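Printed here is structure.pdb (PDB, C-alpha atoms):
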MODEL        1
ATOM      1  CA  MET I   1     -10.874   8.003  12.564  1.00  0.00           C
ATOM      2  CA  LEU I   2      -7.673   8.543  10.660  1.00  0.00           C
ATOM      3  CA  ALA I   3      -9.318   9.256   7.292  1.00  0.00           C
ATOM      4  CA  GLY I   4     -12.306  11.170   8.702  1.00  0.00           C
ATOM      5  CA  PRO I   5     -10.936  14.645   7.895  1.00  0.00           C
ATOM      6  CA  TYR I   6     -10.556  13.580   4.260  1.00  0.00           C
ATOM      7  CA  GLU I   7     -14.101  12.318   3.745  1.00  0.00           C
ATOM      8  CA  SER I   8     -14.938  14.741   0.937  1.00  0.00           C
ATOM      9  CA  ALA I   9     -11.452  14.948  -0.599  1.00  0.00           C
ATOM     10  CA  ALA I  10     -11.074  14.492  -4.334  1.00  0.00           C
ATOM     11  CA  LEU I  11      -8.475  11.856  -5.186  1.00  0.00           C
ATOM     12  CA  PRO I  12      -6.606  11.340  -8.451  1.00  0.00           C
ATOM     13  CA  ASP I  13      -8.531   8.869 -10.592  1.00  0.00           C
ATOM     14  CA  ASP I  14      -6.591   8.833 -13.826  1.00  0.00           C
ATOM     15  CA  GLU I  15      -3.822   6.353 -13.033  1.00  0.00           C
ATOM     16  CA  MET I  16      -3.667   2.625 -13.646  1.00  0.00           C
ATOM     17  CA  VAL I  17      -4.080   0.736 -10.386  1.00  0.00           C
ATOM     18  CA  HIS I  18      -3.277  -2.966 -10.113  1.00  0.00           C
ATOM     19  CA  CYS I  19      -5.432  -3.310  -6.947  1.00  0.00           C
ATOM     20  CA  ASP I  20      -3.662  -6.517  -5.850  1.00  0.00           C
ATOM     21  CA  LEU I  21      -0.015  -5.566  -6.217  1.00  0.00           C
ATOM     22  CA  SER I  22       2.429  -7.484  -4.048  1.00  0.00           C
ATOM     23  CA  LEU I  23       6.051  -8.477  -4.268  1.00  0.00           C
ATOM     24  CA  SER I  24       5.020 -11.793  -5.806  1.00  0.00           C
ATOM     25  CA  ASN I  25       3.286  -9.996  -8.712  1.00  0.00           C
ATOM     26  CA  ILE I  26       6.363  -8.019  -9.772  1.00  0.00           C
ATOM     27  CA  LEU I  27       8.855  -9.626 -12.146  1.00  0.00           C
ATOM     28  CA  PHE I  28      12.532  -8.679 -11.918  1.00  0.00           C
ATOM     29  CA  ARG I  29      15.611  -9.401 -14.014  1.00  0.00           C
ATOM     30  CA  ASP I  30      19.053  -8.179 -13.040  1.00  0.00           C
ATOM     31  CA  GLY I  31      17.548  -5.980 -10.323  1.00  0.00           C
ATOM     32  CA  LYS I  32      15.143  -4.174 -12.664  1.00  0.00           C
ATOM     33  CA  VAL I  33      11.374  -4.461 -12.939  1.00  0.00           C
ATOM     34  CA  THR I  34      10.526  -6.283 -16.163  1.00  0.00           C
ATOM     35  CA  GLY I  35       6.815  -6.873 -15.724  1.00  0.00           C
ATOM     36  CA  VAL I  36       3.756  -7.178 -13.552  1.00  0.00           C
ATOM     37  CA  VAL I  37       1.395 -10.162 -13.491  1.00  0.00           C
ATOM     38  CA  ASP I  38      -2.039 -10.988 -12.033  1.00  0.00           C
ATOM     39  CA  ILE I  39      -3.734  -7.951 -13.530  1.00  0.00           C
ATOM     40  CA  ASP I  40      -7.341  -9.155 -13.455  1.00  0.00           C
ATOM     41  CA  ALA I  41      -8.376  -6.491 -10.872  1.00  0.00           C
ATOM     42  CA  THR I  42      -6.658  -3.587 -12.663  1.00  0.00           C
ATOM     43  CA  GLY I  43      -8.608  -0.361 -13.017  1.00  0.00           C
ATOM     44  CA  ARG I  44      -8.351   3.414 -12.797  1.00  0.00           C
ATOM     45  CA  GLY I  45      -7.737   5.292  -9.600  1.00  0.00           C
ATOM     46  CA  CYS I  46      -4.891   6.587  -7.471  1.00  0.00           C
ATOM     47  CA  ALA I  47      -1.731   4.484  -7.833  1.00  0.00           C
ATOM     48  CA  VAL I  48      -0.461   5.390  -4.361  1.00  0.00           C
ATOM     49  CA  TYR I  49      -2.668   2.483  -3.259  1.00  0.00           C
ATOM     50  CA  ASP I  50      -0.441   0.055  -5.210  1.00  0.00           C
ATOM     51  CA  LEU I  51       2.735   1.674  -3.926  1.00  0.00           C
ATOM     52  CA  LEU I  52       1.627   1.361  -0.312  1.00  0.00           C
ATOM     53  CA  LYS I  53       0.343  -2.165  -0.869  1.00  0.00           C
ATOM     54  CA  VAL I  54       3.865  -3.186  -1.910  1.00  0.00           C
ATOM     55  CA  ALA I  55       5.290  -1.384   1.140  1.00  0.00           C
ATOM     56  CA  LEU I  56       2.822  -3.151   3.405  1.00  0.00           C
ATOM     57  CA  ASN I  57       3.603  -6.475   1.761  1.00  0.00           C
ATOM     58  CA  GLY I  58       7.270  -5.798   2.408  1.00  0.00           C
ATOM     59  CA  LEU I  59       6.514  -5.022   6.048  1.00  0.00           C
ATOM     60  CA  THR I  60       4.683  -8.303   6.549  1.00  0.00           C
ATOM     61  CA  ARG I  61       7.648 -10.123   4.998  1.00  0.00           C
ATOM     62  CA  HIS I  62      10.174  -8.220   7.106  1.00  0.00           C
ATOM     63  CA  ALA I  63      11.786  -6.347   4.206  1.00  0.00           C
ATOM     64  CA  GLU I  64      14.697  -4.002   4.765  1.00  0.00           C
ATOM     65  CA  PRO I  65      13.490  -0.944   6.731  1.00  0.00           C
ATOM     66  CA  ASP I  66      15.484   1.367   4.431  1.00  0.00           C
ATOM     67  CA  ALA I  67      13.637  -0.013   1.381  1.00  0.00           C
ATOM     68  CA  LEU I  68      10.279   0.543   3.061  1.00  0.00           C
ATOM     69  CA  ALA I  69      11.334   4.059   4.053  1.00  0.00           C
ATOM     70  CA  LEU I  70      12.132   4.811   0.396  1.00  0.00           C
ATOM     71  CA  LEU I  71       8.642   3.692  -0.651  1.00  0.00           C
ATOM     72  CA  HIS I  72       7.037   5.844   2.055  1.00  0.00           C
ATOM     73  CA  GLU I  73       9.202   8.813   1.102  1.00  0.00           C
ATOM     74  CA  TYR I  74       8.274   8.415  -2.561  1.00  0.00           C
ATOM     75  CA  ALA I  75       4.574   8.198  -1.691  1.00  0.00           C
ATOM     76  CA  LEU I  76       4.694  11.393   0.377  1.00  0.00           C
ATOM     77  CA  ASP I  77       6.795  13.241  -2.223  1.00  0.00           C
ATOM     78  CA  THR I  78       4.587  12.208  -5.154  1.00  0.00           C
ATOM     79  CA  TYR I  79       1.059  12.324  -3.736  1.00  0.00           C
ATOM     80  CA  GLU I  80      -0.800  14.697  -1.470  1.00  0.00           C
ATOM     81  CA  ARG I  81      -1.017  13.617   2.162  1.00  0.00           C
ATOM     82  CA  THR I  82      -4.772  13.146   1.688  1.00  0.00           C
ATOM     83  CA  ALA I  83      -4.299  10.415  -0.921  1.00  0.00           C
ATOM     84  CA  VAL I  84      -1.543   8.722   1.097  1.00  0.00           C
ATOM     85  CA  THR I  85      -3.622   8.724   4.282  1.00  0.00           C
ATOM     86  CA  ILE I  86      -6.740   7.364   2.594  1.00  0.00           C
ATOM     87  CA  ALA I  87      -4.799   4.635   0.756  1.00  0.00           C
ATOM     88  CA  ALA I  88      -2.942   3.625   3.930  1.00  0.00           C
ATOM     89  CA  THR I  89      -6.191   3.490   5.897  1.00  0.00           C
ATOM     90  CA  CYS I  90      -7.920   1.371   3.240  1.00  0.00           C
ATOM     91  CA  LEU I  91      -5.016  -1.073   3.203  1.00  0.00           C
ATOM     92  CA  VAL I  92      -5.041  -1.411   6.986  1.00  0.00           C
ATOM     93  CA  VAL I  93      -8.783  -2.060   7.055  1.00  0.00           C
ATOM     94  CA  GLU I  94      -8.469  -4.628   4.245  1.00  0.00           C
ATOM     95  CA  GLY I  95      -5.501  -6.265   5.952  1.00  0.00           C
ATOM     96  CA  LEU I  96      -7.235  -6.502   9.312  1.00  0.00           C
ATOM     97  CA  ALA I  97     -10.272  -8.063   7.655  1.00  0.00           C
ATOM     98  CA  TRP I  98      -8.028 -10.627   5.982  1.00  0.00           C
ATOM     99  CA  GLY I  99      -6.010 -11.133   9.143  1.00  0.00           C
ATOM    100  CA  SER I 100      -9.044 -11.782  11.297  1.00  0.00           C
ATOM    101  CA  ALA I 101      -9.713 -14.853   9.185  1.00  0.00           C
ATOM    102  CA  HIS I 102      -6.097 -15.976   8.818  1.00  0.00           C
ATOM    103  CA  ARG I 103      -3.551 -14.823  11.391  1.00  0.00           C
ATOM    104  CA  SER I 104      -4.585 -11.964  13.602  1.00  0.00           C
ATOM    105  CA  ASP I 105      -1.977 -12.381  16.357  1.00  0.00           C
ATOM    106  CA  GLU I 106       0.534  -9.733  15.200  1.00  0.00           C
ATOM    107  CA  LEU I 107      -1.377  -7.774  12.557  1.00  0.00           C
ATOM    108  CA  GLY I 108      -2.965  -5.145  14.810  1.00  0.00           C
ATOM    109  CA  ILE I 109       0.372  -4.107  16.283  1.00  0.00           C
ATOM    110  CA  MET I 110       2.079  -4.192  12.902  1.00  0.00           C
ATOM    111  CA  TYR I 111      -0.568  -2.030  11.202  1.00  0.00           C
ATOM    112  CA  ARG I 112      -0.580   0.563  13.982  1.00  0.00           C
ATOM    113  CA  THR I 113       3.211   0.842  13.708  1.00  0.00           C
ATOM    114  CA  TRP I 114       3.002   1.139   9.920  1.00  0.00           C
ATOM    115  CA  LEU I 115       0.366   3.882  10.013  1.00  0.00           C
ATOM    116  CA  ARG I 116       2.498   5.927  12.425  1.00  0.00           C
ATOM    117  CA  SER I 117       5.196   6.107   9.743  1.00  0.00           C
ATOM    118  CA  PHE I 118       3.026   8.552   7.812  1.00  0.00           C
TER
ENDMDL
END
This structure in structure tokens:
Amino acid sequence: MLAGPYESAALPDDEMVHCDLSLSNILFRDGKVTGVVDIDATGRGCAVYDLLKVALNGLTRHAEPDALALLHEYALDTYERTAVTIAATCLVVEGLAWGSAHRSDELGIMYRTWLRSF
């Protein structure tokens, strides 16, 4: 159990969290973020979840490894390891649940590799 040691940890809960952030929900112009769409699930929580969701989305779409490394580095520099580990674990569990209904062939290997990067 990756998140087991953090069962009683207090996480930040005062940030805006999109809860369904992906590359397709981020608007860019001239290489800069200009907006975010699809905000119907937005709430309060720990925004490292959104950051890692974008990184995971990039992994599934074979984004540049250096770009993904920057997102991981930012997550670990900005948030405590507890929050990063819990968010990463939640995303893997959610992704495996989705993948079991859609395309489970490569997801298990991909998620294990991704989790090892933390």
Atomic distance atom CA of I:Leu76 - atom CA of I:Asp38, expressed in Å with one decimal: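 Atom CA of I:Asp38 lies 26.5 Å from atom CA of I:Leu76.
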With distances taken over all atoms listed in the file, which residue among I:Lys53, I:Thr82, I:Leu11, I:Thr60 lies nearest I:Gly99? I:Thr60
Selected by the PyMOL selection byres ((chain I and resi 67-72) around 8) in the shown coordinates: which residues, as a list in words? Leu51, Leu52, Ala55, Gly58, Leu59, Ala63, Glu64, Pro65, Asp66, Glu73, Tyr74, Ala75, Leu76, Ser117 and Phe118 of chain I
Can you work out which one of I:Ile86, I:Leu56, I:Arg112, I:Leu96 has the shortest atom-to-atom distance to I:Gly4, counting only C-alpha atoms? I:Ile86
Tell me, in Å to one decimal, how far atom CA of I:Leu21 is from atom CA of I:Val92.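 Calculated distance between atom CA of I:Leu21 and atom CA of I:Val92 is 14.7 Å.
Restricting the calculation to only C-alpha atoms, the smallest distance between I:Ile26 and any of I:Thr113, I:Ile39, I:Ala97, I:Val84 is found for I:Ile39.
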Best match for closeness to I:Asp50 among I:Glu7, I:Arg29, I:Val93, I:Met16, counting only C-alpha atoms: I:Met16
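For the choices I:Ala10, I:Val17, I:Leu91, I:Ala83, the atom-to-atom distance to I:Gly45 is smallest for I:Val17 when using only C-alpha atoms.
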My list of candidates is I:Pro5, I:Thr34, I:Arg61, I:Thr42. Which is closest to I:Thr85 when distances are computed with only C-alpha atoms?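 Going through I:Pro5, I:Thr34, I:Arg61, I:Thr42 one by one, the smallest distance to I:Thr85 is for I:Pro5.
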In Å, with one decimal, what is the gap from atom CA of I:Leu23 to atom CA of I:Tyr6?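 Taking atom CA of I:Leu23 and atom CA of I:Tyr6, their separation equals 28.9 Å.
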Expected axis-aligned box over every listed atom of stretch 34-45 of chain I, 4 Å added per side, centre plus edges in Å to one decimal, as AutoDock Vina command-line options:
--center_x 1.0 --center_y -2.8 --center_z -12.9 --size_x 27.1 --size_y 24.3 --size_z 14.6
Expected selection from the PyMOL selection byres ((chain I and resi 46) around 7), given as a VMD selection string: chain I and resid 11 to 15 17 45 47 to 49
Starting from the incomplete input, reconstruct N, CA and C atoms of stretch 31-44 of chain I and report them as a PDB file, in the frame of the given file.
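Now in out_22.pdb:
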ATOM      1  N   GLY I  31      17.868  -7.080 -11.228  1.00  0.00           N
ATOM      2  CA  GLY I  31      17.548  -5.980 -10.323  1.00  0.00           C
ATOM      3  C   GLY I  31      16.619  -4.917 -10.875  1.00  0.00           C
ATOM      4  N   LYS I  32      16.046  -5.154 -12.052  1.00  0.00           N
ATOM      5  CA  LYS I  32      15.143  -4.174 -12.664  1.00  0.00           C
ATOM      6  C   LYS I  32      13.772  -4.799 -12.873  1.00  0.00           C
ATOM      7  N   VAL I  33      12.746  -3.992 -12.706  1.00  0.00           N
ATOM      8  CA  VAL I  33      11.374  -4.461 -12.939  1.00  0.00           C
ATOM      9  C   VAL I  33      11.206  -4.717 -14.426  1.00  0.00           C
ATOM     10  N   THR I  34      10.739  -5.932 -14.756  1.00  0.00           N
ATOM     11  CA  THR I  34      10.526  -6.283 -16.163  1.00  0.00           C
ATOM     12  C   THR I  34       9.056  -6.539 -16.486  1.00  0.00           C
ATOM     13  N   GLY I  35       8.229  -6.640 -15.461  1.00  0.00           N
ATOM     14  CA  GLY I  35       6.815  -6.873 -15.724  1.00  0.00           C
ATOM     15  C   GLY I  35       6.011  -7.008 -14.451  1.00  0.00           C
ATOM     16  N   VAL I  36       4.713  -7.009 -14.645  1.00  0.00           N
ATOM     17  CA  VAL I  36       3.756  -7.178 -13.552  1.00  0.00           C
ATOM     18  C   VAL I  36       2.716  -8.186 -14.017  1.00  0.00           C
ATOM     19  N   VAL I  37       2.373  -9.132 -13.151  1.00  0.00           N
ATOM     20  CA  VAL I  37       1.395 -10.162 -13.491  1.00  0.00           C
ATOM     21  C   VAL I  37       0.185 -10.071 -12.572  1.00  0.00           C
ATOM     22  N   ASP I  38      -0.811 -10.919 -12.831  1.00  0.00           N
ATOM     23  CA  ASP I  38      -2.039 -10.988 -12.033  1.00  0.00           C
ATOM     24  C   ASP I  38      -2.798  -9.671 -12.111  1.00  0.00           C
ATOM     25  N   ILE I  39      -3.150  -9.278 -13.316  1.00  0.00           N
ATOM     26  CA  ILE I  39      -3.734  -7.951 -13.530  1.00  0.00           C
ATOM     27  C   ILE I  39      -5.258  -7.979 -13.679  1.00  0.00           C
ATOM     28  N   ASP I  40      -5.899  -9.038 -13.235  1.00  0.00           N
ATOM     29  CA  ASP I  40      -7.341  -9.155 -13.455  1.00  0.00           C
ATOM     30  C   ASP I  40      -8.164  -8.127 -12.685  1.00  0.00           C
ATOM     31  N   ALA I  41      -7.627  -7.495 -11.637  1.00  0.00           N
ATOM     32  CA  ALA I  41      -8.376  -6.491 -10.872  1.00  0.00           C
ATOM     33  C   ALA I  41      -7.972  -5.062 -11.237  1.00  0.00           C
ATOM     34  N   THR I  42      -7.164  -4.901 -12.280  1.00  0.00           N
ATOM     35  CA  THR I  42      -6.658  -3.587 -12.663  1.00  0.00           C
ATOM     36  C   THR I  42      -7.783  -2.650 -13.075  1.00  0.00           C
ATOM     37  N   GLY I  43      -7.628  -1.386 -12.656  1.00  0.00           N
ATOM     38  CA  GLY I  43      -8.608  -0.361 -13.017  1.00  0.00           C
ATOM     39  C   GLY I  43      -7.975   1.017 -12.927  1.00  0.00           C
ATOM     40  N   ARG I  44      -8.826   2.033 -12.917  1.00  0.00           N
ATOM     41  CA  ARG I  44      -8.351   3.414 -12.797  1.00  0.00           C
ATOM     42  C   ARG I  44      -8.554   3.892 -11.373  1.00  0.00           C
TER      43      ARG I  44
END
